[in-house]
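Structure file entry_35.tsv with TSV, C-alpha atoms:
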```tsv
chain	number	residue	atom	x	y	z
T	1	MET	CA	-1.22	202.34	85.69
T	2	ALA	CA	-2.56	205.02	87.98
T	3	ILE	CA	0.16	207.36	89.21
T	4	ALA	CA	-0.39	210.47	91.29
T	5	GLN	CA	-0.76	213.37	88.97
T	6	PRO	CA	-0.46	217.05	89.73
T	7	PRO	CA	-3.76	218.77	90.43
T	8	GLY	CA	-5.30	220.46	87.49
T	9	SER	CA	-3.92	217.95	85.00
T	10	GLY	CA	-7.17	216.03	84.97
T	11	GLY	CA	-6.30	213.07	87.23
T	12	ALA	CA	-7.70	214.26	90.61
T	13	SER	CA	-10.79	215.95	89.40
T	14	ALA	CA	-13.78	216.75	91.59
T	15	THR	CA	-16.13	215.61	88.86
T	16	PRO	CA	-15.36	212.04	87.88
T	17	GLY	CA	-15.89	211.21	84.32
T	18	SER	CA	-15.06	214.60	82.89
T	19	SER	CA	-11.52	215.48	81.82
T	20	ALA	CA	-11.62	219.17	82.85
T	21	PRO	CA	-11.35	219.91	86.62
T	22	PHE	CA	-14.07	221.81	88.43
T	23	VAL	CA	-13.10	225.46	88.62
T	24	ASN	CA	-14.38	227.77	91.31
T	25	PRO	CA	-15.85	230.63	89.31
T	26	GLN	CA	-15.20	233.22	92.08
T	27	LYS	CA	-11.49	232.48	92.59
T	28	GLY	CA	-10.65	231.10	89.23
T	29	LEU	CA	-8.90	228.10	90.81
T	30	PRO	CA	-9.54	224.36	90.81
T	31	ASP	CA	-11.53	223.08	93.80
T	32	ASN	CA	-8.62	221.08	95.25
T	33	VAL	CA	-6.30	224.07	95.55
T	34	PHE	CA	-6.09	226.00	98.81
T	35	LEU	CA	-4.78	229.48	99.15
T	36	THR	CA	-2.97	230.25	102.39
T	37	THR	CA	0.25	231.72	103.70
T	38	LEU	CA	3.39	229.72	104.26
T	39	ASN	CA	3.32	230.75	107.94
T	40	ALA	CA	-0.18	229.38	108.41
T	41	ALA	CA	0.57	226.18	106.52
T	42	SER	CA	3.76	225.42	108.46
T	43	SER	CA	2.09	226.31	111.75
T	44	TRP	CA	-0.83	224.04	110.90
T	45	ALA	CA	1.59	221.21	110.28
T	46	ARG	CA	3.55	221.89	113.43
T	47	LYS	CA	0.59	222.22	115.77
T	48	ASN	CA	-0.82	218.88	114.68
T	49	SER	CA	2.50	217.12	115.09
T	50	LEU	CA	3.97	218.30	118.37
T	51	TRP	CA	6.76	216.06	119.67
T	52	PRO	CA	6.91	216.41	123.44
T	53	MET	CA	10.08	216.09	125.48
T	54	PRO	CA	8.90	214.63	128.81
T	55	PHE	CA	11.03	216.18	131.55
T	56	ALA	CA	9.19	214.27	134.26
T	57	THR	CA	10.80	214.38	137.70
T	58	ALA	CA	7.89	213.74	140.07
T	59	CYS	CA	4.24	212.74	140.39
T	60	CYS	CA	3.23	215.08	137.55
T	61	GLY	CA	5.15	212.67	135.36
T	62	ILE	CA	2.67	209.94	136.26
T	63	GLU	CA	-0.17	212.16	135.07
T	64	LEU	CA	1.82	212.87	131.93
T	65	MET	CA	2.08	209.12	131.32
T	66	ALA	CA	-1.65	208.76	131.96
T	67	THR	CA	-2.28	211.51	129.43
T	68	ALA	CA	-0.31	209.61	126.83
T	69	SER	CA	-1.92	206.26	127.55
T	70	SER	CA	-5.11	204.80	126.19
T	71	ARG	CA	-7.82	206.38	128.37
T	72	HIS	CA	-6.88	209.98	127.65
T	73	ASP	CA	-4.95	209.28	124.44
T	74	LEU	CA	-2.76	212.21	123.60
T	75	ALA	CA	-2.48	210.77	120.08
T	76	ARG	CA	-5.84	212.38	119.30
T	77	PHE	CA	-3.99	215.69	119.29
T	78	GLY	CA	-0.99	214.48	117.32
T	79	ALA	CA	1.36	214.80	120.27
T	80	GLU	CA	1.90	211.20	121.27
T	81	VAL	CA	5.47	210.79	120.07
T	82	MET	CA	7.45	211.33	123.25
T	83	ARG	CA	11.16	211.32	122.58
T	84	PHE	CA	13.88	211.21	125.17
T	85	SER	CA	16.33	212.94	122.91
T	86	PRO	CA	15.86	216.72	122.99
T	87	ARG	CA	17.12	216.98	119.42
T	88	GLN	CA	13.94	215.34	118.13
T	89	CYS	CA	11.46	217.38	120.17
T	90	ASP	CA	9.75	220.72	119.90
T	91	LEU	CA	7.59	220.83	123.05
T	92	MET	CA	9.18	220.52	126.46
T	93	ILE	CA	6.80	219.47	129.24
T	94	VAL	CA	8.45	220.05	132.62
T	95	ALA	CA	6.43	217.83	134.94
T	96	GLY	CA	7.52	217.99	138.55
T	97	ARG	CA	9.81	219.85	140.89
T	98	VAL	CA	13.26	220.83	139.64
T	99	ALA	CA	16.00	220.63	142.24
T	100	MET	CA	18.96	222.99	142.09
T	101	LYS	CA	21.10	220.04	141.00
T	102	MET	CA	18.71	219.38	138.11
T	103	MET	CA	18.41	222.96	136.83
T	104	PRO	CA	21.66	222.94	134.78
T	105	VAL	CA	20.47	219.69	133.18
T	106	LEU	CA	17.11	221.24	132.31
T	107	GLN	CA	18.78	224.30	130.81
T	108	ARG	CA	21.12	222.16	128.77
T	109	ILE	CA	18.28	220.03	127.43
T	110	TRP	CA	16.31	223.17	126.55
T	111	LEU	CA	19.27	224.58	124.66
T	112	GLN	CA	19.70	221.31	122.75
T	113	MET	CA	16.14	221.37	121.40
T	114	PRO	CA	15.90	222.72	117.84
T	115	GLU	CA	13.71	225.71	117.12
T	116	PRO	CA	10.84	226.33	116.91
T	117	LYS	CA	10.16	225.03	120.40
T	118	TRP	CA	7.68	225.63	123.16
T	119	CYS	CA	7.66	224.91	126.88
T	120	ILE	CA	4.84	223.84	129.19
T	121	SER	CA	5.40	224.18	132.92
T	122	MET	CA	3.19	221.47	134.38
T	123	GLY	CA	2.07	221.48	138.00
T	124	ALA	CA	2.56	223.70	141.01
T	125	CYS	CA	6.19	222.71	141.61
T	126	ALA	CA	7.44	223.47	138.13
T	127	CYS	CA	5.51	226.76	138.11
T	128	THR	CA	6.39	228.09	141.58
T	129	GLY	CA	8.24	225.46	143.61
T	130	GLY	CA	4.95	224.41	145.18
T	131	VAL	CA	5.15	223.26	148.77
T	132	PHE	CA	8.90	222.70	148.45
T	133	ASP	CA	10.10	226.11	149.59
T	134	THR	CA	13.55	224.80	150.55
T	135	TYR	CA	17.15	225.54	149.71
T	136	ALA	CA	17.33	222.73	147.16
T	137	VAL	CA	14.24	223.38	145.00
T	138	VAL	CA	14.10	225.99	142.25
T	139	GLN	CA	11.13	228.26	142.86
T	140	GLY	CA	9.65	228.08	139.38
T	141	ILE	CA	11.45	227.11	136.20
T	142	ASP	CA	10.33	230.34	134.51
T	143	ARG	CA	13.02	232.13	136.48
T	144	PHE	CA	15.65	230.45	134.33
T	145	ILE	CA	14.11	229.19	131.07
T	146	PRO	CA	11.31	230.65	128.92
T	147	VAL	CA	7.86	229.19	129.57
T	148	ASP	CA	4.93	229.51	127.16
T	149	LEU	CA	2.14	227.94	129.18
T	150	TYR	CA	1.48	227.07	132.80
T	151	VAL	CA	-0.73	224.15	133.81
T	152	PRO	CA	-1.77	224.55	137.46
T	153	GLY	CA	-2.64	221.70	139.79
T	154	CYS	CA	-0.96	219.35	142.21
T	155	PRO	CA	-0.75	217.28	140.09
T	156	PRO	CA	-2.96	218.45	137.20
T	157	ARG	CA	-5.40	215.91	135.84
T	158	PRO	CA	-4.79	214.67	132.29
T	159	GLU	CA	-7.73	216.74	131.09
T	160	GLN	CA	-5.95	219.87	132.29
T	161	LEU	CA	-2.77	218.91	130.48
T	162	ILE	CA	-4.76	218.19	127.31
T	163	ALA	CA	-6.38	221.61	127.61
T	164	GLY	CA	-2.89	223.08	127.95
T	165	ILE	CA	-1.63	221.27	124.86
T	166	MET	CA	-4.68	222.48	122.92
T	167	GLN	CA	-3.85	226.03	123.99
T	168	ILE	CA	-0.27	225.51	122.83
T	169	GLN	CA	-1.73	224.37	119.50
T	170	ASP	CA	-3.74	227.59	119.30
T	171	LEU	CA	-0.62	229.55	120.18
T	172	VAL	CA	1.38	227.82	117.45
T	173	GLN	CA	-1.34	228.44	114.88
T	174	LYS	CA	-1.82	232.09	115.79
T	175	THR	CA	1.74	233.21	116.34
T	176	GLY	CA	3.83	230.68	114.44
T	177	THR	CA	5.96	231.66	111.50
T	178	MET	CA	7.75	229.61	108.90
T	179	GLN	CA	11.21	230.69	110.04
T	180	GLY	CA	10.37	230.94	113.75
T	181	THR	CA	10.92	234.68	113.66
T	182	GLU	CA	8.28	235.27	116.32
T	183	PHE	CA	10.81	234.18	118.93
T	184	GLN	CA	13.45	236.73	118.12
T	185	TYR	CA	11.48	239.49	119.80
T	186	ARG	CA	11.13	237.55	123.05
T	187	THR	CA	14.57	238.29	124.40
T	188	ARG	CA	13.64	239.47	127.88
T	189	PRO	CA	13.17	237.06	130.78
T	190	THR	CA	9.49	236.44	131.37
T	191	GLY	CA	9.67	234.93	134.85
T	192	PRO	CA	9.79	236.72	138.19
T	193	ALA	CA	12.89	238.57	139.28
T	194	PRO	CA	15.49	236.38	141.00
T	195	PHE	CA	14.94	237.96	144.39
T	196	ASP	CA	11.37	238.72	145.28
T	197	ALA	CA	10.02	239.99	148.60
T	198	ASP	CA	10.09	236.54	150.13
T	199	GLU	CA	13.79	236.22	149.46
T	200	ILE	CA	14.54	239.59	151.03
T	201	ILE	CA	12.74	238.47	154.19
T	202	ARG	CA	14.78	235.28	154.16
T	203	ILE	CA	18.06	237.14	153.80
T	204	ARG	CA	17.14	239.42	156.70
T	205	GLU	CA	16.30	236.43	158.89
T	206	GLY	CA	19.60	234.80	157.98
T	207	GLN	CA	21.52	237.85	159.16
T	208	MET	CA	19.83	237.93	162.57
T	209	GLN	CA	21.80	236.49	165.45
T	210	LEU	CA	20.77	233.07	166.64
T	211	THR	CA	19.46	233.33	170.18
T	212	PRO	CA	19.20	230.28	172.45
T	213	LEU	CA	15.74	228.86	172.70
T	214	GLU	CA	14.10	229.83	176.00
T	215	LEU	CA	11.47	227.40	177.18
T	216	PRO	CA	8.74	228.31	179.69
T	217	ALA	CA	9.26	226.95	183.21
T	218	SER	CA	6.19	224.73	182.96
T	219	LEU	CA	7.82	222.74	180.20
T	220	LYS	CA	11.10	222.34	182.04
T	221	ARG	CA	9.57	220.99	185.23
T	222	GLY	CA	10.15	217.29	185.71
T	223	ASN	CA	12.81	217.09	183.02
T	224	PRO	CA	16.25	216.88	184.62
T	225	ALA	CA	18.03	217.71	181.36
T	226	LEU	CA	16.17	221.00	181.10
T	227	GLU	CA	15.98	222.09	184.71
T	228	GLY	CA	19.75	222.47	184.97
T	229	SER	CA	20.12	224.49	181.80
T	230	ALA	CA	18.05	227.49	182.87
C	231	MET	CA	29.47	191.68	174.64
C	232	ASP	CA	31.24	192.25	177.92
C	233	PHE	CA	31.05	195.95	178.61
C	234	ALA	CA	33.34	195.88	181.67
C	235	ALA	CA	36.16	194.13	179.78
C	236	LEU	CA	35.79	196.47	176.83
C	237	ASN	CA	35.84	199.51	179.07
C	238	GLU	CA	38.94	198.22	180.82
C	239	HIS	CA	40.63	197.67	177.46
C	240	LEU	CA	40.05	201.32	176.56
C	241	GLY	CA	41.13	202.70	179.93
C	242	GLY	CA	37.74	203.36	181.42
C	243	VAL	CA	36.58	206.14	179.11
C	244	LEU	CA	33.43	204.43	177.89
C	245	LYS	CA	29.91	205.23	178.96
C	246	SER	CA	26.96	202.99	178.25
C	247	GLU	CA	23.25	203.59	177.86
C	248	SER	CA	20.45	201.33	176.90
C	249	PHE	CA	16.93	201.97	175.70
C	250	ARG	CA	14.70	198.97	175.00
C	251	ASP	CA	16.84	196.65	172.84
C	252	ASN	CA	19.20	199.43	171.83
C	253	THR	CA	22.64	199.46	173.45
C	254	ARG	CA	24.74	202.58	173.08
C	255	LEU	CA	28.37	203.25	173.82
C	256	ILE	CA	29.53	206.83	174.24
C	257	VAL	CA	33.22	207.27	173.57
C	258	PRO	CA	35.51	210.34	173.39
C	259	ALA	CA	36.63	211.17	169.87
C	260	ALA	CA	40.27	210.38	170.71
C	261	GLN	CA	39.46	206.74	171.57
C	262	LEU	CA	36.98	206.18	168.72
C	263	ASP	CA	39.42	204.44	166.41
C	264	ASP	CA	40.68	202.12	169.18
C	265	LEU	CA	37.14	201.15	170.07
C	266	MET	CA	35.98	200.58	166.51
C	267	SER	CA	39.09	198.59	165.66
C	268	HIS	CA	38.54	196.39	168.71
C	269	LEU	CA	34.87	195.92	167.86
C	270	LYS	CA	35.73	194.90	164.30
C	271	HIS	CA	38.73	192.69	164.86
C	272	HIS	CA	38.10	191.12	168.28
C	273	LEU	CA	34.39	191.26	168.98
C	274	GLY	CA	33.13	190.25	165.56
C	275	PHE	CA	31.18	193.36	164.55
C	276	ASP	CA	31.77	192.78	160.87
C	277	MET	CA	29.21	195.19	159.42
C	278	LEU	CA	28.98	198.96	159.67
C	279	SER	CA	25.29	199.48	159.19
C	280	ASP	CA	25.11	203.26	159.33
C	281	VAL	CA	27.05	206.43	159.98
C	282	THR	CA	24.99	209.47	160.77
C	283	CYS	CA	25.23	212.74	162.61
C	284	CYS	CA	23.18	215.03	164.80
C	285	ASP	CA	23.61	218.76	165.33
C	286	TYR	CA	22.97	219.73	168.95
C	287	LEU	CA	23.03	223.49	168.41
C	288	GLU	CA	20.55	225.10	170.84
C	289	TYR	CA	19.61	221.69	172.18
C	290	PRO	CA	18.69	222.02	175.88
C	291	GLY	CA	21.42	220.66	178.10
C	292	ALA	CA	23.77	219.73	175.28
C	293	THR	CA	27.48	220.38	175.82
C	294	ASP	CA	28.87	219.45	172.39
C	295	ARG	CA	27.88	220.60	168.93
C	296	TYR	CA	27.89	217.45	166.79
C	297	GLY	CA	27.17	213.87	167.74
C	298	VAL	CA	28.43	211.33	165.21
C	299	ILE	CA	26.70	207.98	165.46
C	300	TYR	CA	27.93	204.63	164.16
C	301	VAL	CA	25.74	201.54	164.07
C	302	VAL	CA	27.69	198.27	163.94
C	303	VAL	CA	26.26	194.78	163.60
C	304	ASN	CA	27.65	191.36	164.39
C	305	THR	CA	26.11	189.22	161.68
C	306	LYS	CA	26.99	185.96	163.52
C	307	THR	CA	25.29	186.77	166.81
C	308	ARG	CA	22.90	189.40	165.35
C	309	GLU	CA	24.12	191.78	168.00
C	310	ARG	CA	23.62	195.45	167.21
C	311	LEU	CA	25.53	198.27	168.85
C	312	VAL	CA	25.32	202.05	168.59
C	313	VAL	CA	28.56	203.96	169.10
C	314	LYS	CA	28.34	207.67	169.63
C	315	THR	CA	31.02	210.31	169.83
C	316	PHE	CA	31.07	214.10	169.95
C	317	VAL	CA	33.04	216.71	168.01
C	318	ASN	CA	32.99	220.48	168.06
C	319	ASP	CA	33.56	223.58	165.96
C	320	PRO	CA	35.85	224.76	164.48
C	321	SER	CA	37.01	221.98	162.13
C	322	PRO	CA	35.15	218.97	163.52
C	323	THR	CA	37.40	216.04	162.63
C	324	LEU	CA	37.24	212.30	163.18
C	325	PRO	CA	39.31	209.36	161.93
C	326	SER	CA	37.75	207.61	158.97
C	327	MET	CA	36.39	204.10	159.50
C	328	TYR	CA	37.13	203.23	155.88
C	329	ARG	CA	40.11	201.07	156.79
C	330	HIS	CA	37.90	198.87	159.00
C	331	TRP	CA	34.70	198.81	156.96
C	332	LYS	CA	34.71	199.73	153.24
C	333	THR	CA	31.06	200.77	153.48
C	334	ALA	CA	32.16	203.84	155.39
C	335	ASP	CA	33.18	205.32	152.05
C	336	TRP	CA	29.74	206.59	151.08
C	337	THR	CA	28.21	207.01	154.54
C	338	GLU	CA	31.06	209.24	155.68
C	339	ARG	CA	30.85	211.23	152.48
C	340	GLU	CA	27.19	211.85	153.26
C	341	VAL	CA	27.97	213.06	156.78
C	342	TYR	CA	30.71	215.27	155.36
C	343	ASP	CA	28.36	216.68	152.73
C	344	LEU	CA	25.49	217.54	155.04
C	345	PHE	CA	27.27	218.33	158.33
C	346	GLY	CA	30.83	219.24	157.36
C	347	ILE	CA	32.54	216.64	159.56
C	348	HIS	CA	36.00	215.88	158.15
C	349	PHE	CA	37.13	212.26	158.19
C	350	THR	CA	40.90	211.96	158.09
C	351	GLY	CA	42.16	208.98	156.11
C	352	HIS	CA	39.10	208.83	153.88
C	353	PRO	CA	40.19	207.99	150.31
C	354	ASN	CA	37.73	210.26	148.50
C	355	LEU	CA	36.06	212.80	150.76
C	356	GLN	CA	33.84	214.63	148.28
C	357	ARG	CA	30.23	215.71	148.36
C	358	ILE	CA	27.87	212.88	147.53
C	359	LEU	CA	24.36	214.46	147.47
C	360	CYS	CA	24.73	218.19	146.94
C	361	PRO	CA	26.42	219.49	143.79
C	362	PRO	CA	30.19	220.02	144.04
C	363	GLU	CA	29.93	223.81	143.88
C	364	PHE	CA	27.65	223.89	146.93
C	365	GLU	CA	29.42	225.68	149.76
C	366	SER	CA	27.32	225.14	152.88
C	367	HIS	CA	26.45	222.05	154.88
C	368	ALA	CA	22.73	221.79	154.57
C	369	LEU	CA	21.69	219.85	157.69
C	370	ARG	CA	23.48	222.08	160.16
C	371	LYS	CA	20.98	223.83	162.40
C	372	ASP	CA	22.37	227.28	161.59
C	373	TYR	CA	21.79	226.77	157.87
C	374	PRO	CA	18.59	228.61	156.88
C	375	LEU	CA	15.70	226.48	155.65
C	376	LYS	CA	15.48	228.40	152.39
C	377	GLY	CA	19.22	228.30	151.85
C	378	ARG	CA	21.69	231.05	151.18
C	379	GLY	CA	20.50	231.79	147.65
C	380	GLU	CA	21.94	228.62	146.07
C	381	ARG	CA	18.65	227.97	144.30
C	382	HIS	CA	19.02	231.29	142.48
C	383	ASN	CA	22.56	230.93	141.18
C	384	PHE	CA	21.79	230.00	137.60
C	385	PRO	CA	22.04	231.92	134.33
C	386	VAL	CA	18.69	233.13	133.01
C	387	ILE	CA	18.09	231.68	129.56
C	388	THR	CA	15.76	233.61	127.28
C	389	ARG	CA	14.70	233.06	123.72
C	390	ALA	CA	17.73	235.08	122.67
C	391	GLU	CA	20.11	232.34	123.85
C	392	SER	CA	18.05	229.36	122.80
```
Would you mind giving the structure from this file in structure tokens?
Amino acid sequence: MAIAQPPGSGGASATPGSSAPFVNPQKGLPDNVFLTTLNAASSWARKNSLWPMPFATACCGIELMATASSRHDLARFGAEVMRFSPRQCDLMIVAGRVAMKMMPVLQRIWLQMPEPKWCISMGACACTGGVFDTYAVVQGIDRFIPVDLYVPGCPPRPEQLIAGIMQIQDLVQKTGTMQGTEFQYRTRPTGPAPFDADEIIRIREGQMQLTPLELPASLKRGNPALEGSA
Amino acid sequence: MDFAALNEHLGGVLKSESFRDNTRLIVPAAQLDDLMSHLKHHLGFDMLSDVTCCDYLEYPGATDRYGVIYVVVNTKTRERLVVKTFVNDPSPTLPSMYRHWKTADWTEREVYDLFGIHFTGHPNLQRILCPPEFESHALRKDYPLKGRGERHNFPVITRAES
């Protein structure tokens, strides 16, 4: 009856046939024992088993689905388990524009995710608002939630997203700690200030008086509705 | 539909326009409810297809601020009619069409949300698209394209809170 035995007790030896395990003469340890830190070991486990939370609101979400499907196969990187419950996820991928009505939802979902957690801002809209510079669209989610990695593009191709996830894996391996203590120093907002130069221009334009539109005479000619209003 | 008889019924306040197959009636806001009631209950316009609005601020030659447009359909004769009326600032107000057509519930809420037209007699006049704490009416022409800072009114969450 073969049962798993602890290493060093003779069962899982590197040299079959002999009862004593092979011992590395330089370290004085059996060959199947690794020496590492708990931080590195837990980070290694975490980076190869990222569970993404797909916050897909627009066309970037289609690319996110393509990344997860067979051709690009996110499972190669151990990140294929997309869960729609934030409590089971540790990597939020915000794919698409976030309207001002959606921002409280996004913040709530982010707060519900257990630590350690990371956030990818995918695509131009999630990073900066993109072409949607209107009253209803948040101009970059990094103004209101912490973002670890930006994936540019409109929308990014799956290869770009995979490159981003591999960079997140590097980040987890290099900075991760067992207790997630690397996050406790990141208490300052990392995004742009709420009112940048563009917003100041907008406020100034909003305070200017509205003046009636004056059309040139050449445009008014032949139009009875316009000729009388001059 | 007999326009002359309808106009006589309402005391001669109606105006009519037509463009291709599109017939429009222009009615003062005071007679709107009479007209719509007559269209529903006597002329067989049993479906309110759409309620929408147009802001004529700075429009050349315009005399009123808001035009509210109703599209009614007679599903028996497939007749389609556009009814248009005008309201002005301050407090643009119209009677609700909810008691004639139940579909006016959501369409009038949309016009209220985006243009700020109040419909008296509406059972539940709340915002339908914008969030409830939104204060402006977004499709008015004097509302700036980039808003009045609504897209910035959120708490900033850092790693300290999460």
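Between CA of Val151 (chain T) and CA of Gly164 (chain T) lies a distance of 6.3 Å.
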Worksheet item: Using all atoms listed in the file, which residue out of C:Leu244, C:Val301, C:Ala292, C:Leu278 lies closest to chain T?
Response: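 Closest residue, counting all atoms listed in the file: C:Ala292.
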Discussion item. Please check the contacts: residues of chain C at most 10 Å away from chain T, using only C-alpha atoms, listed as a PyMOL selection string.
Written reply: chain C and resi 287-292+359-362+364+368+372-392
Just to be explicit: take each residue in the selection above, keep C-alpha atoms, and write the result as a tab-separated table (two decimals), in the frame of the given file.
```tsv
chain	number	residue	atom	x	y	z
C	287	LEU	CA	23.03	223.49	168.41
C	288	GLU	CA	20.55	225.10	170.84
C	289	TYR	CA	19.61	221.69	172.18
C	290	PRO	CA	18.69	222.02	175.88
C	291	GLY	CA	21.42	220.66	178.10
C	292	ALA	CA	23.77	219.73	175.28
C	359	LEU	CA	24.36	214.46	147.47
C	360	CYS	CA	24.73	218.19	146.94
C	361	PRO	CA	26.42	219.49	143.79
C	362	PRO	CA	30.19	220.02	144.04
C	364	PHE	CA	27.65	223.89	146.93
C	368	ALA	CA	22.73	221.79	154.57
C	372	ASP	CA	22.37	227.28	161.59
C	373	TYR	CA	21.79	226.77	157.87
C	374	PRO	CA	18.59	228.61	156.88
C	375	LEU	CA	15.70	226.48	155.65
C	376	LYS	CA	15.48	228.40	152.39
C	377	GLY	CA	19.22	228.30	151.85
C	378	ARG	CA	21.69	231.05	151.18
C	379	GLY	CA	20.50	231.79	147.65
C	380	GLU	CA	21.94	228.62	146.07
C	381	ARG	CA	18.65	227.97	144.30
C	382	HIS	CA	19.02	231.29	142.48
C	383	ASN	CA	22.56	230.93	141.18
C	384	PHE	CA	21.79	230.00	137.60
C	385	PRO	CA	22.04	231.92	134.33
C	386	VAL	CA	18.69	233.13	133.01
C	387	ILE	CA	18.09	231.68	129.56
C	388	THR	CA	15.76	233.61	127.28
C	389	ARG	CA	14.70	233.06	123.72
C	390	ALA	CA	17.73	235.08	122.67
C	391	GLU	CA	20.11	232.34	123.85
C	392	SER	CA	18.05	229.36	122.80
```
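Taking CA of Asp263 (chain C) and CA of Asp319 (chain C) as the two end points, the separation is 20.0 Å.
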Discussion item. List as a list in words the protein and nucleic acid residues near Gly242 (chain C), meaning an atom at most 12 Å away when only C-alpha atoms are counted, but skip any in the same chain fewer than 5 places from it.
Written reply: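 Counting only the stated atoms, we get Phe233, Ala234, Ala235, Leu236, Asn237, Ile256, Val257, Pro258, Gln261 and Leu265 of chain C.
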Discussion item. Just to confirm, what's the straight-line distance from CA of Val33 (chain T) to CA of Ala20 (chain T) in Å (one decimal)?
Written reply: 14.6 Å
Item to complete: Counting only C-alpha atoms, figure out which residue out of T:Gln169, T:Thr57, T:Gln88, T:Ser49 gets nearest to Ala75 (chain T).
Response: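 The shortest atom-to-atom distance to Ala75 (chain T) comes from T:Ser49.
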I'd like the box whose edges run along x, y and z of the file and which contains every listed atom of region 39-55 of chain T, padded by 8 Å per side; could you state its centre and edge lengths in Å, one decimal, as lines of an AutoDock Vina configuration file?
```
center_x = 5.1
center_y = 222.7
center_z = 119.0
size_x = 27.9
size_y = 32.1
size_z = 41.0
```
Fill in: Spatial neighbours of Thr307 (chain C), max dist 12 Å, all atoms listed in the file, sep filter under 6 positions, as a list in words
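So, after excluding close chain neighbours, the residues are Met231, Leu273, Gly274, Phe275, Asp276 and Met277 of chain C.
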Item to complete: Select, counting only C-alpha atoms, all protein, DNA and RNA residues no farther than 9 Å from (30.4, 211.3, 167.0) in file coordinates, and express the selection as a PyMOL selection string.
Response: chain C and resi 256-259+262+282-284+296-300+313-317+324
Who sits within 12 Å of Pro320 (chain C), all atoms listed in the file, same chain under 2 positions skipped, as a short mmCIF file (atom, residue, chain, number, x, y, z; two decimals) with C-alpha atoms, in the coordinates of the input:
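Wrote it out as selection.cif, contents follow:
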```
data_model
loop_
_atom_site.label_atom_id
_atom_site.label_comp_id
_atom_site.auth_asym_id
_atom_site.auth_seq_id
_atom_site.Cartn_x
_atom_site.Cartn_y
_atom_site.Cartn_z
CA ASP C 294 28.87 219.45 172.39
CA ARG C 295 27.88 220.60 168.93
CA TYR C 296 27.89 217.45 166.79
CA VAL C 317 33.04 216.71 168.01
CA ASN C 318 32.99 220.48 168.06
CA PRO C 322 35.15 218.97 163.52
CA THR C 323 37.40 216.04 162.63
CA GLY C 346 30.83 219.24 157.36
CA ILE C 347 32.54 216.64 159.56
CA HIS C 348 36.00 215.88 158.15
#
```
Worksheet item: Which residue out of T:Met166, T:Met178, T:Leu149, T:Val98 has the minimum interatomic distance to Cys60 (chain T) when all atoms listed in the file are used?
Response: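 Using all atoms listed in the file, the shortest distance to Cys60 (chain T) belongs to T:Val98.
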Worksheet item: Which residue, C:Leu311, C:Arg339, C:Thr350, C:Asn304, has the smallest gap to Pro325 (chain C) when you use all atoms listed in the file?
Response: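 Smallest distance to Pro325 (chain C) is found for C:Thr350.
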Set the distance at 9 Å and use only C-alpha atoms: which residues neighbour Thr67 (chain T) once local chain neighbours fewer than 2 positions away are removed? I'd like the list as a PDB file with C-alpha atoms, in the frame of the given file.
```pdb
ATOM      1  CA  ILE T  62       2.670 209.940 136.260  1.00  0.00           C
ATOM      2  CA  GLU T  63      -0.170 212.160 135.070  1.00  0.00           C
ATOM      3  CA  LEU T  64       1.820 212.870 131.930  1.00  0.00           C
ATOM      4  CA  MET T  65       2.080 209.120 131.320  1.00  0.00           C
ATOM      5  CA  SER T  69      -1.920 206.260 127.550  1.00  0.00           C
ATOM      6  CA  SER T  70      -5.110 204.800 126.190  1.00  0.00           C
ATOM      7  CA  ARG T  71      -7.820 206.380 128.370  1.00  0.00           C
ATOM      8  CA  HIS T  72      -6.880 209.980 127.650  1.00  0.00           C
ATOM      9  CA  ASP T  73      -4.950 209.280 124.440  1.00  0.00           C
ATOM     10  CA  LEU T  74      -2.760 212.210 123.600  1.00  0.00           C
ATOM     11  CA  ARG T 157      -5.400 215.910 135.840  1.00  0.00           C
ATOM     12  CA  PRO T 158      -4.790 214.670 132.290  1.00  0.00           C
ATOM     13  CA  GLU T 159      -7.730 216.740 131.090  1.00  0.00           C
ATOM     14  CA  LEU T 161      -2.770 218.910 130.480  1.00  0.00           C
ATOM     15  CA  ILE T 162      -4.760 218.190 127.310  1.00  0.00           C
TER      16      ILE T 162
END
```
